[in-house]
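Below is protein_31.pdb, holding PDB, C-alpha atoms.
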ATOM      1  CA  MET A   1       6.366 -21.864  -7.751
ATOM      2  CA  ALA A   2       5.951 -18.341  -6.368
ATOM      3  CA  HIS A   3       4.404 -17.825  -2.952
ATOM      4  CA  ASN A   4       3.260 -14.755  -1.060
ATOM      5  CA  ILE A   5       5.816 -13.277   1.326
ATOM      6  CA  PHE A   6       3.908 -10.021   1.815
ATOM      7  CA  ARG A   7       2.183 -10.488   5.171
ATOM      8  CA  GLY A   8       1.542  -8.440   8.282
ATOM      9  CA  LEU A   9       2.152  -4.693   8.203
ATOM     10  CA  GLY A  10       3.154  -3.372   4.803
ATOM     11  CA  ILE A  11       4.017   0.317   4.582
ATOM     12  CA  ALA A  12       2.657   2.198   1.550
ATOM     13  CA  LEU A  13       5.699   4.441   1.625
ATOM     14  CA  ILE A  14       5.251   8.171   1.070
ATOM     15  CA  THR A  15       7.675  10.328  -0.905
ATOM     16  CA  PRO A  16       8.810  13.249   1.275
ATOM     17  CA  PHE A  17       9.669  16.512  -0.452
ATOM     18  CA  THR A  18      11.714  19.520   0.630
ATOM     19  CA  GLN A  19      10.197  22.997   0.686
ATOM     20  CA  ALA A  20      11.799  23.470  -2.729
ATOM     21  CA  GLY A  21       9.849  20.478  -4.043
ATOM     22  CA  LYS A  22      12.762  18.056  -4.396
ATOM     23  CA  VAL A  23      12.711  14.490  -3.060
ATOM     24  CA  ASP A  24      13.890  14.681   0.566
ATOM     25  CA  TYR A  25      16.174  11.676   0.904
ATOM     26  CA  ALA A  26      17.259  12.531   4.455
ATOM     27  CA  ALA A  27      13.602  12.422   5.562
ATOM     28  CA  LEU A  28      13.036   9.217   3.575
ATOM     29  CA  LYS A  29      15.950   7.563   5.393
ATOM     30  CA  ARG A  30      14.534   8.601   8.771
ATOM     31  CA  LEU A  31      11.143   7.148   7.878
ATOM     32  CA  ILE A  32      12.567   3.825   6.695
ATOM     33  CA  GLU A  33      14.621   3.431   9.869
ATOM     34  CA  TYR A  34      11.668   4.385  12.079
ATOM     35  CA  GLN A  35       9.291   1.971  10.367
ATOM     36  CA  LEU A  36      11.759  -0.930  10.461
ATOM     37  CA  LEU A  37      12.352  -0.315  14.158
ATOM     38  CA  HIS A  38       8.630  -0.299  14.954
ATOM     39  CA  GLY A  39       7.190  -3.322  13.207
ATOM     40  CA  ALA A  40       7.133  -2.927   9.417
ATOM     41  CA  ASP A  41       6.988  -6.384   7.800
ATOM     42  CA  PHE A  42       7.440  -5.140   4.231
ATOM     43  CA  PHE A  43       7.495  -1.946   2.172
ATOM     44  CA  CYS A  44       5.327  -1.027  -0.799
ATOM     45  CA  ILE A  45       7.087   1.625  -2.869
ATOM     46  CA  LEU A  46       6.242   3.766  -5.885
ATOM     47  CA  ALA A  47       2.496   3.337  -5.609
ATOM     48  CA  THR A  48      -0.416   5.719  -4.962
ATOM     49  CA  THR A  49       0.690   6.952  -1.524
ATOM     50  CA  GLY A  50       4.152   7.657  -2.915
ATOM     51  CA  GLU A  51       2.682  10.218  -5.371
ATOM     52  CA  THR A  52       4.173   8.153  -8.191
ATOM     53  CA  PRO A  53       2.228   9.892 -11.009
ATOM     54  CA  CYS A  54       4.076  13.091 -10.033
ATOM     55  CA  LEU A  55       7.573  11.584 -10.057
ATOM     56  CA  SER A  56       9.938  11.602 -13.038
ATOM     57  CA  ILE A  57      11.425   8.367 -14.379
ATOM     58  CA  GLU A  58      14.780   9.412 -12.913
ATOM     59  CA  GLU A  59      13.260  10.113  -9.489
ATOM     60  CA  LYS A  60      11.489   6.746  -9.443
ATOM     61  CA  GLU A  61      14.735   4.947 -10.262
ATOM     62  CA  GLU A  62      16.623   6.818  -7.546
ATOM     63  CA  ILE A  63      13.912   6.248  -4.909
ATOM     64  CA  LYS A  64      13.888   2.534  -5.717
ATOM     65  CA  ARG A  65      17.673   2.324  -5.429
ATOM     66  CA  PHE A  66      17.663   4.354  -2.206
ATOM     67  CA  VAL A  67      14.994   2.242  -0.490
ATOM     68  CA  VAL A  68      16.689  -1.032  -1.480
ATOM     69  CA  GLU A  69      20.012   0.294  -0.183
ATOM     70  CA  HIS A  70      18.606   1.355   3.195
ATOM     71  CA  VAL A  71      16.261  -1.569   3.813
ATOM     72  CA  LYS A  72      19.303  -3.830   3.340
ATOM     73  CA  GLY A  73      17.230  -6.957   2.807
ATOM     74  CA  GLN A  74      15.695  -6.810   6.279
ATOM     75  CA  VAL A  75      12.143  -7.057   4.886
ATOM     76  CA  PRO A  76      10.662  -7.648   1.407
ATOM     77  CA  ILE A  77      10.011  -4.734  -0.950
ATOM     78  CA  LEU A  78       6.922  -4.677  -3.170
ATOM     79  CA  MET A  79       7.106  -2.161  -6.025
ATOM     80  CA  GLY A  80       4.300  -0.586  -8.002
ATOM     81  CA  CYS A  81       4.362  -1.560 -11.672
ATOM     82  CA  GLY A  82       1.065  -1.078 -13.450
ATOM     83  CA  GLY A  83      -0.833   1.014 -15.946
ATOM     84  CA  ASN A  84      -3.660   1.089 -18.441
ATOM     85  CA  TYR A  85      -1.595   0.051 -21.475
ATOM     86  CA  THR A  86      -0.681  -3.614 -21.119
ATOM     87  CA  ALA A  87       2.223  -3.566 -23.563
ATOM     88  CA  ALA A  88       3.895  -0.664 -21.731
ATOM     89  CA  VAL A  89       3.683  -2.509 -18.385
ATOM     90  CA  VAL A  90       5.163  -5.618 -20.014
ATOM     91  CA  GLU A  91       8.001  -3.536 -21.457
ATOM     92  CA  GLU A  92       8.741  -2.044 -18.027
ATOM     93  CA  LEU A  93       8.826  -5.513 -16.480
ATOM     94  CA  LYS A  94      11.154  -6.869 -19.147
ATOM     95  CA  GLN A  95      13.510  -3.891 -19.361
ATOM     96  CA  GLY A  96      13.496  -2.522 -15.804
ATOM     97  CA  ASP A  97      16.031  -3.149 -13.061
ATOM     98  CA  PHE A  98      14.344  -5.059 -10.233
ATOM     99  CA  THR A  99      17.450  -5.687  -8.150
ATOM    100  CA  GLY A 100      16.415  -5.939  -4.499
ATOM    101  CA  ILE A 101      12.697  -5.998  -5.353
ATOM    102  CA  SER A 102      10.724  -8.980  -4.015
ATOM    103  CA  GLY A 103       7.524  -8.545  -6.035
ATOM    104  CA  VAL A 104       5.396  -6.136  -8.057
ATOM    105  CA  LEU A 105       2.070  -4.514  -7.235
ATOM    106  CA  SER A 106      -0.015  -4.025 -10.372
ATOM    107  CA  VAL A 107      -3.075  -1.795 -10.279
ATOM    108  CA  CYS A 108      -6.191  -2.349 -12.375
ATOM    109  CA  PRO A 109      -6.083  -0.373 -15.619
ATOM    110  CA  TYR A 110      -7.580   3.046 -14.975
ATOM    111  CA  TYR A 111      -9.694   5.393 -17.102
ATOM    112  CA  ASN A 112     -10.239   3.124 -20.127
ATOM    113  CA  LYS A 113     -12.537   0.759 -18.145
ATOM    114  CA  PRO A 114     -11.837  -2.703 -19.577
ATOM    115  CA  SER A 115     -14.290  -5.577 -19.242
ATOM    116  CA  GLN A 116     -13.647  -8.426 -16.802
ATOM    117  CA  GLU A 117     -12.235 -10.448 -19.695
ATOM    118  CA  GLY A 118      -9.960  -7.518 -20.536
ATOM    119  CA  LEU A 119      -8.793  -7.344 -16.922
ATOM    120  CA  TYR A 120      -8.129 -11.082 -16.907
ATOM    121  CA  ARG A 121      -6.060 -10.948 -20.092
ATOM    122  CA  HIS A 122      -4.212  -7.806 -18.915
ATOM    123  CA  PHE A 123      -3.048  -9.389 -15.672
ATOM    124  CA  LYS A 124      -2.360 -12.781 -17.230
ATOM    125  CA  THR A 125      -0.096 -11.070 -19.791
ATOM    126  CA  ILE A 126       1.691  -9.134 -17.034
ATOM    127  CA  ALA A 127       2.220 -12.271 -14.956
ATOM    128  CA  ALA A 128       3.731 -14.047 -17.950
ATOM    129  CA  ALA A 129       6.210 -11.179 -18.457
ATOM    130  CA  THR A 130       7.988 -11.573 -15.099
ATOM    131  CA  GLU A 131       9.262 -14.261 -12.772
ATOM    132  CA  LEU A 132       8.589 -12.009  -9.775
ATOM    133  CA  PRO A 133       5.530 -12.570  -7.586
ATOM    134  CA  VAL A 134       2.647 -10.325  -8.663
ATOM    135  CA  VAL A 135       0.162  -8.737  -6.253
ATOM    136  CA  LEU A 136      -3.017  -7.449  -7.891
ATOM    137  CA  TYR A 137      -4.327  -4.065  -6.747
ATOM    138  CA  ASN A 138      -8.073  -3.439  -6.893
ATOM    139  CA  VAL A 139      -9.039   0.134  -6.033
ATOM    140  CA  PRO A 140     -12.181   1.029  -8.023
ATOM    141  CA  GLY A 141     -12.490   4.432  -6.337
ATOM    142  CA  ARG A 142      -9.363   5.487  -8.237
ATOM    143  CA  THR A 143      -9.449   3.337 -11.378
ATOM    144  CA  GLY A 144     -13.150   3.459 -12.235
ATOM    145  CA  ILE A 145     -13.311  -0.347 -12.595
ATOM    146  CA  ASN A 146     -13.847  -3.135 -10.070
ATOM    147  CA  LEU A 147     -11.967  -6.414 -10.385
ATOM    148  CA  GLN A 148     -14.791  -8.821  -9.601
ATOM    149  CA  PRO A 149     -14.154 -11.686  -7.149
ATOM    150  CA  GLU A 150     -14.627 -14.358  -9.813
ATOM    151  CA  THR A 151     -11.986 -12.687 -12.010
ATOM    152  CA  THR A 152      -9.578 -12.457  -9.073
ATOM    153  CA  VAL A 153     -10.067 -16.143  -8.276
ATOM    154  CA  ARG A 154      -9.698 -17.085 -11.949
ATOM    155  CA  LEU A 155      -6.353 -15.257 -12.110
ATOM    156  CA  ALA A 156      -5.239 -16.847  -8.838
ATOM    157  CA  ASN A 157      -5.961 -20.309 -10.249
ATOM    158  CA  ASP A 158      -4.486 -19.729 -13.710
ATOM    159  CA  CYS A 159      -1.292 -17.745 -12.955
ATOM    160  CA  GLU A 160       1.089 -19.330 -10.473
ATOM    161  CA  ASN A 161       3.050 -16.126  -9.808
ATOM    162  CA  ILE A 162      -0.066 -14.044  -9.032
ATOM    163  CA  VAL A 163       0.187 -14.603  -5.292
ATOM    164  CA  ALA A 164      -2.114 -12.044  -3.643
ATOM    165  CA  ILE A 165      -4.452  -9.103  -4.061
ATOM    166  CA  LYS A 166      -4.478  -5.746  -2.343
ATOM    167  CA  GLU A 167      -8.231  -5.276  -1.983
ATOM    168  CA  ALA A 168      -9.410  -1.689  -1.627
ATOM    169  CA  SER A 169     -12.925  -2.010  -3.017
ATOM    170  CA  GLY A 170     -14.338  -1.166   0.418
ATOM    171  CA  HIS A 171     -16.791  -4.066   0.261
ATOM    172  CA  LEU A 172     -16.327  -6.762   2.882
ATOM    173  CA  GLU A 173     -18.750  -9.026   1.030
ATOM    174  CA  GLN A 174     -16.412  -8.976  -1.969
ATOM    175  CA  VAL A 175     -13.381  -9.673   0.226
ATOM    176  CA  ASP A 176     -15.188 -12.559   1.898
ATOM    177  CA  GLU A 177     -16.138 -14.048  -1.466
ATOM    178  CA  ILE A 178     -12.508 -14.000  -2.616
ATOM    179  CA  ILE A 179     -11.278 -15.576   0.624
ATOM    180  CA  LYS A 180     -13.993 -18.242   0.455
ATOM    181  CA  ASN A 181     -13.199 -19.299  -3.137
ATOM    182  CA  LYS A 182      -9.486 -18.608  -3.583
ATOM    183  CA  PRO A 183      -6.835 -21.332  -3.846
ATOM    184  CA  ASN A 184      -4.822 -22.034  -0.692
ATOM    185  CA  ASP A 185      -1.642 -20.479  -2.084
ATOM    186  CA  PHE A 186      -3.264 -17.086  -2.799
ATOM    187  CA  ASP A 187      -3.659 -14.352  -0.163
ATOM    188  CA  VAL A 188      -5.726 -11.224   0.413
ATOM    189  CA  LEU A 189      -4.256  -8.001   1.824
ATOM    190  CA  SER A 190      -6.301  -5.059   3.000
ATOM    191  CA  GLY A 191      -5.755  -1.904   0.969
ATOM    192  CA  ASP A 192      -7.736   0.178   3.442
ATOM    193  CA  ASP A 193      -6.531   0.949   6.985
ATOM    194  CA  ALA A 194     -10.060   1.350   8.298
ATOM    195  CA  LEU A 195     -10.970  -2.175   7.105
ATOM    196  CA  ALA A 196      -7.757  -3.909   8.133
ATOM    197  CA  PHE A 197      -9.255  -5.170  11.407
ATOM    198  CA  PRO A 198     -12.411  -6.760   9.921
ATOM    199  CA  MET A 199     -10.577  -8.031   6.834
ATOM    200  CA  ILE A 200      -7.939  -9.837   8.888
ATOM    201  CA  ALA A 201     -10.737 -11.261  11.019
ATOM    202  CA  CYS A 202     -12.220 -12.617   7.756
ATOM    203  CA  GLY A 203      -8.931 -14.207   6.701
ATOM    204  CA  ALA A 204      -6.764 -11.504   5.127
ATOM    205  CA  VAL A 205      -3.053 -11.899   5.896
ATOM    206  CA  GLY A 206      -2.153  -8.247   6.398
ATOM    207  CA  VAL A 207      -2.500  -4.687   5.182
ATOM    208  CA  ILE A 208      -0.678  -2.293   2.886
ATOM    209  CA  SER A 209      -1.037   0.674   5.171
ATOM    210  CA  VAL A 210      -0.998   4.440   4.878
ATOM    211  CA  ILE A 211      -1.246   5.113   8.617
ATOM    212  CA  GLY A 212       1.679   2.739   9.137
ATOM    213  CA  ASN A 213       3.985   5.464   7.775
ATOM    214  CA  ALA A 214       3.438   7.377  10.983
ATOM    215  CA  LEU A 215       2.163   4.895  13.582
ATOM    216  CA  PRO A 216       3.667   1.500  12.752
ATOM    217  CA  LYS A 217       4.163   0.359  16.340
ATOM    218  CA  GLU A 218       0.530   0.272  17.458
ATOM    219  CA  PHE A 219      -0.879  -0.636  14.054
ATOM    220  CA  SER A 220       1.439  -3.631  13.712
ATOM    221  CA  ARG A 221       0.557  -4.622  17.285
ATOM    222  CA  MET A 222      -3.125  -4.683  16.331
ATOM    223  CA  ILE A 223      -2.371  -6.997  13.418
ATOM    224  CA  ARG A 224      -0.241  -9.343  15.513
ATOM    225  CA  LEU A 225      -2.903  -9.545  18.194
ATOM    226  CA  GLU A 226      -5.412 -10.590  15.551
ATOM    227  CA  PHE A 227      -3.060 -13.218  14.175
ATOM    228  CA  ASN A 228      -2.844 -14.604  17.716
ATOM    229  CA  GLY A 229      -6.643 -14.670  18.064
ATOM    230  CA  GLU A 230      -6.683 -11.834  20.616
ATOM    231  CA  PHE A 231      -9.483  -9.983  18.866
ATOM    232  CA  GLU A 232     -10.750  -7.947  21.809
ATOM    233  CA  ALA A 233      -7.342  -6.394  22.467
ATOM    234  CA  ALA A 234      -6.920  -5.758  18.737
ATOM    235  CA  ARG A 235     -10.382  -4.170  18.533
ATOM    236  CA  ILE A 236      -9.436  -1.670  21.246
ATOM    237  CA  ILE A 237      -6.474  -0.475  19.176
ATOM    238  CA  HIS A 238      -8.615  -0.391  16.014
ATOM    239  CA  HIS A 239     -11.155   1.875  17.718
ATOM    240  CA  GLN A 240      -8.403   4.209  18.930
ATOM    241  CA  PHE A 241      -7.666   4.942  15.275
ATOM    242  CA  THR A 242     -11.270   5.320  14.034
ATOM    243  CA  ASP A 243     -11.313   9.134  13.880
ATOM    244  CA  LEU A 244      -7.834   9.248  12.398
ATOM    245  CA  TYR A 245      -8.750   6.818   9.602
ATOM    246  CA  ASN A 246     -11.302   9.349   8.348
ATOM    247  CA  LEU A 247      -9.126  12.421   8.834
ATOM    248  CA  LEU A 248      -6.225  10.971   6.868
ATOM    249  CA  PHE A 249      -8.377  10.694   3.745
ATOM    250  CA  VAL A 250     -10.884  13.558   4.008
ATOM    251  CA  ASP A 251      -8.594  15.863   2.001
ATOM    252  CA  GLY A 252      -7.131  13.069  -0.120
ATOM    253  CA  ASN A 253      -4.199  10.698   0.181
ATOM    254  CA  PRO A 254      -1.341  11.204   1.003
ATOM    255  CA  ALA A 255      -2.202  14.720   2.196
ATOM    256  CA  GLY A 256      -3.514  13.418   5.525
ATOM    257  CA  VAL A 257      -0.603  11.186   6.427
ATOM    258  CA  LYS A 258       1.870  13.834   5.315
ATOM    259  CA  ALA A 259       0.174  16.287   7.689
ATOM    260  CA  LEU A 260       0.439  13.701  10.459
ATOM    261  CA  LEU A 261       4.128  13.030   9.739
ATOM    262  CA  HIS A 262       4.777  16.771   9.663
ATOM    263  CA  GLU A 263       3.176  17.143  13.096
ATOM    264  CA  MET A 264       5.452  14.356  14.324
ATOM    265  CA  GLY A 265       8.530  16.170  12.993
ATOM    266  CA  PHE A 266       9.480  13.697  10.266
ATOM    267  CA  ILE A 267       8.859  15.650   7.052
ATOM    268  CA  GLU A 268       7.945  18.962   5.481
ATOM    269  CA  ASN A 269       4.235  19.189   4.690
ATOM    270  CA  VAL A 270       4.789  19.388   0.928
ATOM    271  CA  LEU A 271       2.954  17.633  -1.931
ATOM    272  CA  ARG A 272       3.224  18.026  -5.684
ATOM    273  CA  LEU A 273       0.416  19.554  -7.699
ATOM    274  CA  PRO A 274      -2.304  18.680  -8.417
ATOM    275  CA  LEU A 275      -2.244  17.446  -4.803
ATOM    276  CA  VAL A 276      -2.178  20.021  -2.008
ATOM    277  CA  PRO A 277      -1.807  19.849   1.792
ATOM    278  CA  THR A 278      -4.776  19.290   4.093
ATOM    279  CA  ARG A 279      -6.953  22.182   5.189
ATOM    280  CA  LEU A 280      -5.923  23.885   8.429
ATOM    281  CA  THR A 281      -9.054  22.585  10.160
ATOM    282  CA  THR A 282      -8.104  19.006   9.263
ATOM    283  CA  LEU A 283      -4.513  19.596  10.334
ATOM    284  CA  GLN A 284      -5.661  20.843  13.729
ATOM    285  CA  LYS A 285      -7.887  17.813  14.273
ATOM    286  CA  ILE A 286      -5.007  15.500  13.349
ATOM    287  CA  ALA A 287      -2.727  17.325  15.791
ATOM    288  CA  ASP A 288      -5.315  17.030  18.568
ATOM    289  CA  ILE A 289      -5.702  13.265  18.054
ATOM    290  CA  LEU A 290      -1.940  12.798  17.893
ATOM    291  CA  LYS A 291      -1.564  14.173  21.416
ATOM    292  CA  GLY A 292      -3.531  11.226  22.794
ATOM    293  CA  LEU A 293      -1.822   8.458  20.828
ATOM    294  CA  LYS A 294       1.175   6.285  21.726
ATOM    295  CA  TYR A 295       3.907   6.199  19.110
TER
END

Using structure tokens, write down the structure from this file.
Amino acid sequence: MAHNIFRGLGIALITPFTQAGKVDYAALKRLIEYQLLHGADFFCILATTGETPCLSIEEKEEIKRFVVEHVKGQVPILMGCGGNYTAAVVEELKQGDFTGISGVLSVCPYYNKPSQEGLYRHFKTIAAATELPVVLYNVPGRTGINLQPETTVRLANDCENIVAIKEASGHLEQVDEIIKNKPNDFDVLSGDDALAFPMIACGAVGVISVIGNALPKEFSRMIRLEFNGEFEAARIIHHQFTDLYNLLFVDGNPAGVKALLHEMGFIENVLRLPLVPTRLTTLQKIADILKGLKY
């Protein structure tokens, strides 16, 4: 029976690009090494923050291979594998090479807005197509559809390899309802840095983090303090990041975290259209906050 190994600080890994727009593998290697050294518990690759819709099939394969090679089994790797055509996701799961991959993250179907029954059947079909652990990904702000708590719990009860959900609905009441009614062998992960602190306090087991790309040391410390019941010390760290949480998303993701990583000297501040870098005013505010942070 599958169980959830994705706990603590998960890094929603960005895809760095050179000024010429190619994948910057030297920068990617630096980031992986930095994040492993400073508290990353697992990586989440080829998902939203990695600009996956703007990567070719060949680039996705090479990034997957590269990350697996450089993580060297030190922590689990969760890989994005989802879409709004169930049969195509099933085909990818059956035909793809998942060597070195510990589980798949599957987003709610976007744009075509299925019913809750459609969502249930979609994810049940996906779970049946793989022996890997499956983590659901609910992010209605991007997909246009909300996976309701009762559907999440139904999937958790009916599919033994659906082991967790990355919840990014932004509603703590929904998160609390899932945690209250879920089976014991199913976990909730925060999909929102700004809500990681309250969600873990409610019973979530970790976060798939954007800010962790740049500031894994302090963010992972906050999570560990919470796990140890040291909520006041964790709250202090959480409040240190409050302004940054907003700035990293005001011009879209991953524009904010790429600006932050650029200011730290890790990457070029390059995104692929239709995404563009943050505004100069946002960049300056990020730089000002960075001066006062420990990293």

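Between Tyr85 of chain A and the residues A:Ile179, A:Ile289, A:Leu36, A:Ile126, the shortest atom-to-atom distance, using only C-alpha atoms, involves A:Ile126.
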
**Item:** Among the residues A:Cys108, A:Val134, A:Ala156, A:Cys54, the one that comes closest to Pro274 of chain A [using only C-alpha atoms]
**Value:**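 Of all the options, A:Cys54 lies closest to Pro274 of chain A.
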
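Run against this file, the PyMOL selection byres ((chain A and resi 82) around 7) gives back Gly80, Cys81, Gly83, Val89, Ser106 and Val107 of chain A.
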
**Prompt:** If I put a ball of radius 7 Å at (3.4, -11.0, 10.8) in the file's coordinates, which residues poke into it when counting all atoms listed in the file, written as a PyMOL selection string?
**Reply:** chain A and resi 7-9+41+224

Taking C-alpha atoms for each residue, export the selection above as a PDB file, in the frame of the given file.
ATOM      1  CA  ARG A   7       2.183 -10.488   5.171  1.00  0.00           C
ATOM      2  CA  GLY A   8       1.542  -8.440   8.282  1.00  0.00           C
ATOM      3  CA  LEU A   9       2.152  -4.693   8.203  1.00  0.00           C
ATOM      4  CA  ASP A  41       6.988  -6.384   7.800  1.00  0.00           C
ATOM      5  CA  ARG A 224      -0.241  -9.343  15.513  1.00  0.00           C
TER       6      ARG A 224
END

**Request:** Between atom CA of Val205 of chain A and atom CA of Leu189 of chain A, measure the distance and give it in Å to one decimal.
**Result:**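 That distance, rounded to one decimal, is 5.8 Å.
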
**Asked** What do you get, as a PyMOL selection string, if you spell out every residue that the PyMOL selection byres ((chain A and resi 245-251) around 10) selects here?
**Response** chain A and resi 192-195+210-211+238-244+252-260+275-279+282-283+285-286+289

**Request:** Measure the distance from atom CA of Leu147 of chain A to atom CA of Phe43 of chain A in Å and round it to one decimal.
**Result:**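 It comes out at 23.6 Å.
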
**Request:** Pull the neighbourhood of (-11.8, -17.2, -3.1) for me: all residues within 8 Å in file coordinates, counting only C-alpha atoms, as a PyMOL selection string.
**Result:** chain A and resi 149-150+152-153+176-183
